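Colleague: One structure is given below, represented as structure tokens, and several questions about it will come after.
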Amino acid sequence: MSTEGRGGQSSQARGRRMATKGRPRPASAEAAQGPSQDDIGVEARVVAGILLNAALEKRNGLDEALSQPAARTLEPVDRAFARAVAMAALRRLGEIDQILDRRLKKSPPEAVRTLMRIALAQTLVLETPAFAAVSTAVKLAERDPKTRPYKNLVNAVLRGVGREGPGLTTAESNLPDWIAARWKATYGEAALAGLALAAREEPATDLSLKPGVDPAAVAAAVEGEVLSGGTVRTGRRGDVAGWPGFEDGDWWVQDGAAAVPGRLLDVKPGETALDMCAAPGGKTLQLAAAGATVVALDRSAPRLKRLTQNLERTGLTAEVVAVPAEDWEDARTFDAVLLDAPCTATGTFRRNPEVLRATKPAEVAKLADVQHRLLDAAAERVKPGGRLVYCTCSLEREEGETQIIAFLRRNPAFRTVASDPVAVGAPPEALTPEGWLRILPSMWAEHGGLDGFFAARLERVS
């Protein structure tokens, strides 16, 4: 896909490199011997369309659709392909629509557009042979009475793209207009261009390690690299349960940026720690691994199951309580409190591209109110002289910087403790003038980027 961003970056070579990164990679030699993309059936493409539409309709729609019969009855390789196609289409949706709109005199029914979106995601991002993607799209159009009248249109448009090329597209078009406008106003035009490029990328998998486990050895075993802070990053794909070290409980999956707040809290052996919104549990595992006596709260009992399973697998311990943090009737206070507050999660768009489509402007203010209440509840749990780390995986200031400014005004017993980004495995440029951390997904681009996070460490004056 030929591309051109606002930052003046234009390169067909970059497009080919990204397409290669986006192709599903086998988790083993046996998988590599399996069916090629050309052989994967029509039903996988049908499910890819279902997944795409589900993700566009609502948050968590893609995961819900994966649990439905249409997806569950596919063979694992077909299901993985369907998901990869849907994710590729989500990451490049704006560009794909730019390409289609240049060739359509009027917009066709949504079902027809879905067929073409899925076909272009295959050919332009995953490098599926054009004849296979086009042929299947036409077959799908023909078998549904609602799309059958448009089969010639589908054929003509897709073959035209294959014959003439996609033309120039802008990375920023993959971002909803209101989000692009917010990020430009907050971070500047150059940063927006970097964020838009990061939104195209399929991220690697990051692993946090138990103390005593050699990062270099894990990196060698999973064919990865060791990042600042000790996170191991690997380009492996497939079921992590089969990777070296999983059964031994040597590590757990956690984005490099998501590991920063736990390090920032800096718990010591024997200290007490509270993880207020703990699920799915990566930060709880960090605190327990550091030797703290940990209580993990979360309102969702089903989501806490994963945390409990990981505690058992890693041999770590924590008291797990399924209750909303604000309603927890317990008089204990703690040396260290971690609040990873519910948020819009716009910083996770590399792993969850659907969040950019599912998030609406009104949600920012609604969730900011929730964060306000949780911060006040967290403050009551901190011992005199204790620490509080507040973080969100959002890129919206209302859910990060603005929350801490307001909190410090109404809670004079707390003060900021300046962060050392290098010491906690964050990019140096993430440090704000106030001493907080603002991690953008475009940082560490040479290593594949990070999730977006805001984190601030506060201390209760003794």
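Chain labels follow the order of the structure tokens: the first chain is A, the next B, and so on; residue numbering restarts at 1 in every chain, and ligands are counted from 1 in their shown order.
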Among the residues of stretch 165-257 of chain A, find those DSSP assigns to alpha helix (DSSP H) from the backbone and print them as a VMD selection string.

Modeller: chain A and resid 177 to 187 189 to 200 215 to 221

Colleague: At a cut-off of 7 Å, using only C-alpha atoms, what residues contact A:Trp436? Leave out same-chain residues fewer than 2 positions from it and give the result as a list in words.

Modeller: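 Listed by chain and then number, they are Ala418, Ser419, Leu431, Thr432, Glu434, Arg438, Ala455 and Ala456 of chain A.
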
Colleague: Tell me which of A:Leu120, A:Ala137, A:Leu195, A:Ala217 sits closest to A:Trp183, counting only C-alpha atoms.

Modeller: A:Leu195

Colleague: I want to know what sits within 8 Å of stretch 56-60 of chain A, based on only C-alpha atoms, with residues of the same chain fewer than 3 positions away left out; could you give that as a list in words?

Modeller: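 Once the adjacent positions are removed, what remains is Leu52, Asn53, Asp63, Glu64, Glu354, Val355, Arg357, Ala358 and Thr359 of chain A.
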
Colleague: Counting only C-alpha atoms, what is within 8 Å of A:Trp251, bar same-chain residues fewer than 4 positions away, as a PyMOL selection string?

Modeller: chain A and resi 207-210+245-246+314

Colleague: Using the chain letters and numbers from this document, which residues of stretch 349-434 of chain A does DSSP assign to strand (DSSP E or B), as a list in words?

Modeller: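 So the strand (DSSP E or B) residues in stretch 349-434 of chain A would be Val382, Lys383, Pro384, Gly385, Gly386, Arg387, Leu388, Val389, Tyr390, Cys391, Thr392, Phe414, Arg415, Thr416 and Leu431 of chain A.
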
Colleague: Any idea what's packed within 8 Å of A:Gly49, counting only C-alpha atoms, ignoring anything in its chain fewer than 4 positions away? Could you give it as a list in words?

Modeller: Arg45, Asn53, Ala86, Thr114, Leu115 and Ile118 of chain A

Colleague: For atom CA of A:Arg72 and atom CA of A:Ala55, determine how far apart the two atoms are, in Å to one decimal place.

Modeller: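 Calculated distance between atom CA of A:Arg72 and atom CA of A:Ala55 is 16.9 Å.
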
Colleague: If we count only C-alpha atoms, what is near A:Ala141 at a cut-off of 12 Å, once residues fewer than 2 positions away on the same chain are taken out, given as a CSV table (one decimal) with C-alpha atoms, in the first residue's frame?

Modeller:
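Dumped everything to around.csv:
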chain,number,residue,atom,x,y,z
A,42,VAL,CA,-14.6,-19.2,2.1
A,45,ARG,CA,-13.6,-14.9,5.1
A,46,VAL,CA,-17.2,-14.9,6.2
A,109,PRO,CA,-24.8,-1.5,1.0
A,111,ALA,CA,-22.5,-5.8,3.4
A,112,VAL,CA,-20.9,-5.2,0.0
A,113,ARG,CA,-18.4,-2.7,1.5
A,114,THR,CA,-17.5,-5.3,4.1
A,115,LEU,CA,-16.7,-7.9,1.4
A,116,MET,CA,-14.4,-5.4,-0.3
A,119,ALA,CA,-10.5,-8.5,0.4
A,134,VAL,CA,-10.9,-11.3,-5.4
A,135,SER,CA,-12.3,-14.7,-6.4
A,136,THR,CA,-13.5,-15.4,-2.9
A,137,ALA,CA,-15.1,-12.0,-2.5
A,138,VAL,CA,-17.1,-12.5,-5.7
A,139,LYS,CA,-18.2,-15.9,-4.6
A,143,ARG,CA,-24.2,-16.6,-2.6
A,144,ASP,CA,-26.1,-13.9,-0.6
A,145,PRO,CA,-29.3,-12.5,-2.3
A,146,LYS,CA,-28.6,-9.1,-0.7
A,147,THR,CA,-25.1,-8.8,-2.2
A,148,ARG,CA,-25.6,-10.8,-5.4
A,149,PRO,CA,-26.7,-7.7,-7.5
A,150,TYR,CA,-23.3,-6.2,-6.7
A,151,LYS,CA,-21.0,-9.1,-7.6
A,152,ASN,CA,-19.9,-7.4,-10.8
A,153,LEU,CA,-19.1,-4.2,-8.9
A,154,VAL,CA,-17.1,-6.1,-6.3
A,155,ASN,CA,-15.2,-7.8,-9.1

Colleague: Nearest residue to A:Asp206 out of A:Pro361, A:Gly315, A:Gly449, A:Pro280, using only C-alpha atoms?

Modeller: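 Using only C-alpha atoms, the shortest distance to A:Asp206 belongs to A:Gly449.
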
Colleague: To one decimal place in Å, what is the distance between atom CA of A:Ala220 and atom CA of A:Ile439?

Modeller: 27.3 Å

Colleague: Go through A:Leu285, A:Ala292, A:Leu375, A:Ala84 one by one, measure the shortest atom-to-atom distance of each to A:Leu388 using only C-alpha atoms, and give the residue with the smallest value.

Modeller: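 Nearest candidate to A:Leu388 out of A:Leu285, A:Ala292, A:Leu375, A:Ala84: A:Leu375.
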
Colleague: When you look at stretch 174-179 of chain A with a cut-off of 9 Å (counting only C-alpha atoms), what residues show up, excluding the ones that are within fewer than 4 positions of it in the same chain? I need them as an MDAnalysis selection string.

Modeller: chainID A and resid 90:96 170 183:184 196 199:200 356:357 360:361

Colleague: Between atom CA of A:Pro384 and atom CA of A:Val461, what distance in Å does the model show, to one decimal?

Modeller: 6.0 Å
